[in-house]
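**Student:** Please read through the structure below; I'll follow up with questions.
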Amino acid sequence: MRAVNELRTMDKGNHALRLASCMAAVCYLFSVADTAHGDDDVVTPQIAIDQFGWLPRAGKVAILADPVKGQNAGHTYRPGTAFEIRREADGTVAYRGATKPWNSGGVSELAGDRVWYAVFSDLRTPGAYYLFDPTNRVRSFSFRIGGDVYMPVLRDSVRVFYYQRSGTPITEKNGGVWHHPGGHLGRDQDRAARYTQGGKAQGRPRDMLGGWFDAGDLNKYVPYLEATLFDLLWAYELNPRAFGDDTNIPESGNGVPDLLDETKWELDWLLKMQDGDGGVFNRVAGRSYDNGSGPPCGDTQPRFYTAKTTWATADAAASLAHAARVYGHFDSTFPGYAGRLREAARRAWAYLETHSEMDPSDGTDGDSKLAATPAGSNANADRRARVYAAAELFKTFGAPGFKAYVDRWAPDIAATAENGMHPFKDWKQVDPLNHLALTQGLFIYATTKGASPAVTEPFKEALSHSAEAIRQATGGPDDPYLAYHYEGHYCWGSNSVKGRWGRILLMTIELGLNREHHTTYREEMAGYLHFIHGRNPLSLCFLSNMTHAGAHRCVSEIYHQWFHDGSPLYDGKTSRYGPPPGYLVGGPNKFFSVDWISPPHGEPAMKAYRDWNAAWNARRYANESSWEVTEPAIYYQAVYTLLLSQFVPAR
């Protein structure tokens with residue numbers, strides 16, 4: 001099993017690289033027809049919808065697909081020229097329209113489908129409906145129109161972070177049937193984790209209890225909070241009243257939105273990761289993935305923390321400075337907390353000033369013997385994180401030194417580009433997948449009084465160009481499902497990439513750019529959500545266990561140690577409960593690495609998915625690597641939460 005663990009570590013370690021550069025054949029994920037109630041009750045997944053529904057005044061497009069290539073290619077479907085939207089209650093017709101072929105009837109290479117659009121934006125009356133094809137006498141799943149269609153979805157998306165909590169019981173009161181007595185509470189675990197270098201424990205135990213597990217494994221990282229905390233804090237800032245104080249976590253009812261209670265759980269751990277000199281330790285993990293399957297309490301191996309790194313320190317400085325602004329509004333509930341965050345951010349920056357170049361210089365945190373990606377860095381990534389930190393500190397404190405740092409380094413393409421991408425390069429584009437910290441830093445800087453126009457204006461120009469490129473490409477020859485991004489971005493974590501593309505549009509709106517297109521941009525932001533919610537070539541909602549909120553066909557298996565392969569309680573459709581609601585899986589991955597598992601291998605990019613979570617194949621003595629497709633992660637969840645919160649009304 002040691003070889004398995006090493007392979008798993010290598011794959012997990014390549015996660016960021018795959019994002020940046022991104023068994024025999026099985027039948028279609030689900031049967032082509034299901035049954036539903038009503039006079040015309042044959043449901044076909046070839047009519048793809050947002051399974052939760054649409055807001056009343058939103059654009060509404062269902063997609064009717066004839067699968068020509070890929071795992072569902074045997075299910076031919078040619079829709080009629082007309083469609084009807086019928087009321088779920090009695091089957092009466094609420095709207096009639098004509099189907100419209102996409103791209104003159106051509107077949108999409110990305111989707112493997114020939115598609116038609118059914119547009120019914122004029123239907124605004126709240127209620128439950130389904131789309132009916134009178135020619136073939138088949139219908140879609142039901143959906144709702146209403147102002148609150150996404151409210152329960154947002155609630156469950158936020159609750160996912162509660163299930164990811166480390167070092168604490170997940171109680172039956174708060175977690176329902178998904179509960180455990182708490183993990184990593186034993187001897188030599190997170191209450192007294194040991195420092196490690198080169199595979200050897202160095203003593204110096206520290207309390208590293210708390211925080212969130214990063215993904216489907218049980219490790220905790222500071223560098224991967226770079227976008228996670230930004231997205232969650234910004235989501236609150238943009239629409240604070242979308243988040244309630246009633247999501248049934250232990251802190252519910254304390255007068256603070258539960259999103260901020262949950263984020264504070266992570267921030268409290270982040271503060272523990274800071275050393276006395278201001279530097280921040282990189283990660284906390286065990287030495288082996290071979291720690292049993294099941295809830296975190298089953299992992300009894302010793303736990304370790306690794307060296308301080310400048311990139312972890314910079315990401316922490318940025319997050320702490322940002323959080324200080326947000327939690328300053330809750331000083332009566334958390335007395336002195338915002339001040340503590342501000343002071344920690346200042347000390348982190350002081351550490352960076354005394355370590356002006358990337359440190360450790362090899363971009364690692366000194367221990368390759370842990371069962372976790374090292375969350376390493378390089379000189380450019382380290383510099384981008386510092387720019388992000390300086391921008392957040394400038395917005396929080398207003399000190400000229402922070403501004404000077406942004407002005408010096410943000411425009412330096414050689415020092416801050418990633419994979420050749422930089423907003424200030426000649427093509428003037430903000431890349432949705434590369435240079436995330438730089439994008440966040442420049443956005444924060446552009447919203448700060450006193451920022452230098454010489455820096456903010458080129459960024460705004462690049463952002464404006466990027467938003468327009470999305471608008472012009474949406475629905476075009478590479479975008480049959482109205483959720484545009486590059487083919488190469490159907491990679492590890494592609495569902496989060498959808499969120500990153502939507503975030504470009506959101507930043508453009510918030511900076512007041514291209515105002516004449518803001519309505520269109522919001523529709524395109526919603527398009528990324530519609531794809532995740534089921535308007536995709538597999539008619540699959542990429543959130544786990546959401547039937548209670550209206551989804552009919554959800555992922556049922558996620559790569560996660562707690563909800564592991566074969567669990568009679570939590571794994572798959574035949575388990576007693578399935579995984580908790582609301583986990584966003586990685587999504588279609590055209591770069592899936594195991595060529596003997598098809599699908600996902602060999603599929604059109606949008607169909608490179610399979611609902612399974614196996615790890616080790618004993619017959620082949622090899623990994624199935626399902627984590628490349630079905631693993632969730634807190635950074636996926638955060639950007640999805642950000643995007644979804646823009647379509648939930650204030651309470």
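Letters A, B, ... go to the chains of the structure tokens in the order shown; residues in each chain start at 1; ligands are counted from 1 in the same order.
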Please list as a list of chain:residue names every residue within 9 Å of A:Ala526, counting only C-alpha atoms and excluding residues in the same chain fewer than 4 positions away.
**Tutor:**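 In the requested format, the answer is A:Ala58, A:Ala483, A:Gly502, A:Tyr521, A:Arg522, A:His530, A:Phe531, A:Leu643, A:Leu644, A:Gln646, A:Phe647.
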**Student:** Kindly give the distance, in Å, that separates atom CA of A:Gly441 and atom CA of A:Asp359, rounded to a single decimal.
**Tutor:**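 One can read the atom CA of A:Gly441 to atom CA of A:Asp359 distance as 20.9 Å.
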**Student:** Step one, run DSSP on the backbone; step two, keep only residues of stretch 482-614 of chain A assigned to alpha helix (DSSP H); then write them as a ChimeraX atom specification.
**Tutor:** /A:494-510,518-532
**Student:** What's around A:Leu463 at 8 Å? Count only C-alpha atoms, leave out sequence neighbours fewer than 3 positions away in its own chain, and write the answer as a PyMOL selection string.
**Tutor:** chain A and resi 423+428-430+459-460+466-467+504+507-508
**Student:** Got a sec: who's within 8 Å of stretch 378-384 of chain A, counting only C-alpha atoms, leaving out chain neighbours fewer than 4 positions off, as number ranges by chain?
**Tutor:** A: 310-311, 314, 357-358, 362-363, 388, 409-410, 415-418, 435, 437-438
**Student:** Name the residues in contact with stretch 350-352 of chain A at a cut-off of 7 Å, using only C-alpha atoms, excluding same-chain residues fewer than 3 positions from it; report them as a PyMOL selection string.
**Tutor:** chain A and resi 277-279+310+346-347+355-356
**Student:** Using C-alpha atoms, can you export the residues from the last selection as a PDB file, in the first residue's frame?
**Tutor:**
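So part_2.pdb came out as:
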ATOM      1  CA  ASP A 277       7.890  36.268  14.626  1.00  0.00           C
ATOM      2  CA  GLY A 278       4.870  36.656  12.331  1.00  0.00           C
ATOM      3  CA  GLY A 279       5.742  33.842   9.952  1.00  0.00           C
ATOM      4  CA  THR A 310       6.774  33.235   2.834  1.00  0.00           C
ATOM      5  CA  ARG A 346       0.768  43.424  10.436  1.00  0.00           C
ATOM      6  CA  ARG A 347       3.095  40.852  12.020  1.00  0.00           C
ATOM      7  CA  HIS A 355      12.342  37.749   4.188  1.00  0.00           C
ATOM      8  CA  SER A 356      12.172  39.800   1.019  1.00  0.00           C
TER       9      SER A 356
END
**Student:** Please provide the set of residues having any atom within 6 Å of stretch 112-124 of chain A, restricted to only C-alpha atoms, with same-chain residues fewer than 3 positions apart removed, written as JSON, numbers by chain.
**Tutor:** {"A": [56, 59, 60, 61, 62, 63, 64, 65, 66, 67, 68, 69, 99, 100, 101, 102, 106, 107, 108, 109, 604]}
**Student:** Emit the selected residues as a PDB file, in the first residue's frame, including N, CA and C atoms.
**Tutor:**
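Contents of out-v1.pdb, freshly written:
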ATOM      1  N   PRO A  56     -37.638  34.600 -11.379  1.00  0.00           N
ATOM      2  CA  PRO A  56     -38.734  35.015 -12.260  1.00  0.00           C
ATOM      3  C   PRO A  56     -38.302  35.896 -13.430  1.00  0.00           C
ATOM      4  N   GLY A  59     -33.311  35.218 -17.607  1.00  0.00           N
ATOM      5  CA  GLY A  59     -33.398  34.496 -18.863  1.00  0.00           C
ATOM      6  C   GLY A  59     -33.519  33.013 -18.587  1.00  0.00           C
ATOM      7  N   LYS A  60     -34.356  32.338 -19.377  1.00  0.00           N
ATOM      8  CA  LYS A  60     -34.632  30.913 -19.129  1.00  0.00           C
ATOM      9  C   LYS A  60     -34.467  30.148 -20.430  1.00  0.00           C
ATOM     10  N   VAL A  61     -33.501  29.234 -20.431  1.00  0.00           N
ATOM     11  CA  VAL A  61     -33.223  28.428 -21.615  1.00  0.00           C
ATOM     12  C   VAL A  61     -33.027  26.982 -21.180  1.00  0.00           C
ATOM     13  N   ALA A  62     -33.840  26.094 -21.716  1.00  0.00           N
ATOM     14  CA  ALA A  62     -33.589  24.658 -21.578  1.00  0.00           C
ATOM     15  C   ALA A  62     -32.848  24.198 -22.822  1.00  0.00           C
ATOM     16  N   ILE A  63     -32.084  23.121 -22.689  1.00  0.00           N
ATOM     17  CA  ILE A  63     -31.283  22.627 -23.813  1.00  0.00           C
ATOM     18  C   ILE A  63     -31.710  21.201 -24.125  1.00  0.00           C
ATOM     19  N   LEU A  64     -32.092  20.983 -25.372  1.00  0.00           N
ATOM     20  CA  LEU A  64     -32.522  19.669 -25.848  1.00  0.00           C
ATOM     21  C   LEU A  64     -31.386  19.101 -26.683  1.00  0.00           C
ATOM     22  N   ALA A  65     -30.906  17.918 -26.336  1.00  0.00           N
ATOM     23  CA  ALA A  65     -29.655  17.420 -26.898  1.00  0.00           C
ATOM     24  C   ALA A  65     -29.811  16.054 -27.546  1.00  0.00           C
ATOM     25  N   ASP A  66     -29.233  15.932 -28.729  1.00  0.00           N
ATOM     26  CA  ASP A  66     -29.094  14.644 -29.405  1.00  0.00           C
ATOM     27  C   ASP A  66     -27.651  14.201 -29.216  1.00  0.00           C
ATOM     28  N   PRO A  67     -27.385  13.208 -28.363  1.00  0.00           N
ATOM     29  CA  PRO A  67     -26.001  12.806 -28.093  1.00  0.00           C
ATOM     30  C   PRO A  67     -25.423  11.990 -29.250  1.00  0.00           C
ATOM     31  N   VAL A  68     -24.383  12.530 -29.861  1.00  0.00           N
ATOM     32  CA  VAL A  68     -23.760  11.897 -31.028  1.00  0.00           C
ATOM     33  C   VAL A  68     -22.474  11.177 -30.631  1.00  0.00           C
ATOM     34  N   LYS A  69     -21.738  11.729 -29.681  1.00  0.00           N
ATOM     35  CA  LYS A  69     -20.478  11.149 -29.233  1.00  0.00           C
ATOM     36  C   LYS A  69     -20.473  11.065 -27.713  1.00  0.00           C
ATOM     37  N   THR A  99     -38.447  25.503 -30.749  1.00  0.00           N
ATOM     38  CA  THR A  99     -37.053  25.142 -30.494  1.00  0.00           C
ATOM     39  C   THR A  99     -36.165  25.757 -31.572  1.00  0.00           C
ATOM     40  N   LYS A 100     -34.948  26.096 -31.197  1.00  0.00           N
ATOM     41  CA  LYS A 100     -34.019  26.747 -32.118  1.00  0.00           C
ATOM     42  C   LYS A 100     -32.707  25.964 -32.138  1.00  0.00           C
ATOM     43  N   PRO A 101     -32.266  25.514 -33.307  1.00  0.00           N
ATOM     44  CA  PRO A 101     -31.012  24.744 -33.362  1.00  0.00           C
ATOM     45  C   PRO A 101     -29.809  25.622 -33.066  1.00  0.00           C
ATOM     46  N   TRP A 102     -28.858  25.058 -32.331  1.00  0.00           N
ATOM     47  CA  TRP A 102     -27.592  25.748 -32.066  1.00  0.00           C
ATOM     48  C   TRP A 102     -26.633  25.505 -33.218  1.00  0.00           C
ATOM     49  N   GLY A 106     -25.026  21.886 -36.103  1.00  0.00           N
ATOM     50  CA  GLY A 106     -23.737  21.203 -36.021  1.00  0.00           C
ATOM     51  C   GLY A 106     -23.567  20.443 -34.717  1.00  0.00           C
ATOM     52  N   VAL A 107     -22.614  19.533 -34.707  1.00  0.00           N
ATOM     53  CA  VAL A 107     -22.305  18.745 -33.519  1.00  0.00           C
ATOM     54  C   VAL A 107     -21.134  19.388 -32.787  1.00  0.00           C
ATOM     55  N   SER A 108     -21.286  19.604 -31.489  1.00  0.00           N
ATOM     56  CA  SER A 108     -20.227  20.187 -30.676  1.00  0.00           C
ATOM     57  C   SER A 108     -19.187  19.131 -30.341  1.00  0.00           C
ATOM     58  N   GLU A 109     -17.927  19.413 -30.632  1.00  0.00           N
ATOM     59  CA  GLU A 109     -16.858  18.500 -30.264  1.00  0.00           C
ATOM     60  C   GLU A 109     -16.645  18.480 -28.752  1.00  0.00           C
ATOM     61  N   PRO A 604     -15.756  13.244 -24.816  1.00  0.00           N
ATOM     62  CA  PRO A 604     -15.751  14.687 -25.096  1.00  0.00           C
ATOM     63  C   PRO A 604     -15.559  15.454 -23.792  1.00  0.00           C
TER      64      PRO A 604
END
**Student:** Considering only C-alpha atoms, state which residue in the set A:Trp349, A:Glu172, A:Gln71, A:Ala318 is at the smallest distance from A:Gly602.
**Tutor:**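 Nearest candidate to A:Gly602 out of A:Trp349, A:Glu172, A:Gln71, A:Ala318: A:Gln71.
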**Student:** Could you pull out the strand (DSSP E or B) residues of stretch 194-360 of chain A from DSSP and send them as an NGL selection string?
**Tutor:** :A and (194-197 or 200-201 or 206 or 212 or 220-221 or 274 or 280-281 or 283-285 or 304-305 or 308-309)
**Student:** Identify, on the basis of only C-alpha atoms, every residue whose closest approach to stretch 542-544 of chain A does not exceed 6 Å; exclude the query and any residue fewer than 6 positions from it along the same chain; express the result as a list in words.
**Tutor:**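 Counting only the stated atoms, we get Ile532, Cys554, Val555, Ser556, Pro581, Gly582, Tyr583 and Leu584 of chain A.
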**Student:** Which residue gives the smallest distance to A:Gly566 among A:Gly183, A:Pro205, A:Pro126, A:Pro579, with only C-alpha atoms counted?
**Tutor:**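 Looking only at the distances to A:Gly566, the closest residue turns out to be A:Pro579.
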**Student:** What is the distance between atom CA of A:Ile170 and atom CA of A:Pro295, in Å to one decimal?
**Tutor:**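 Answer for the atom CA of A:Ile170 to atom CA of A:Pro295 separation: 9.9 Å.
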**Student:** Restricting the calculation to only C-alpha atoms, which member of A:Thr171, A:Asn495, A:Gln440, A:Thr300 is positioned closest to A:Cys541?
**Tutor:**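 The shortest atom-to-atom distance to A:Cys541 comes from A:Asn495.
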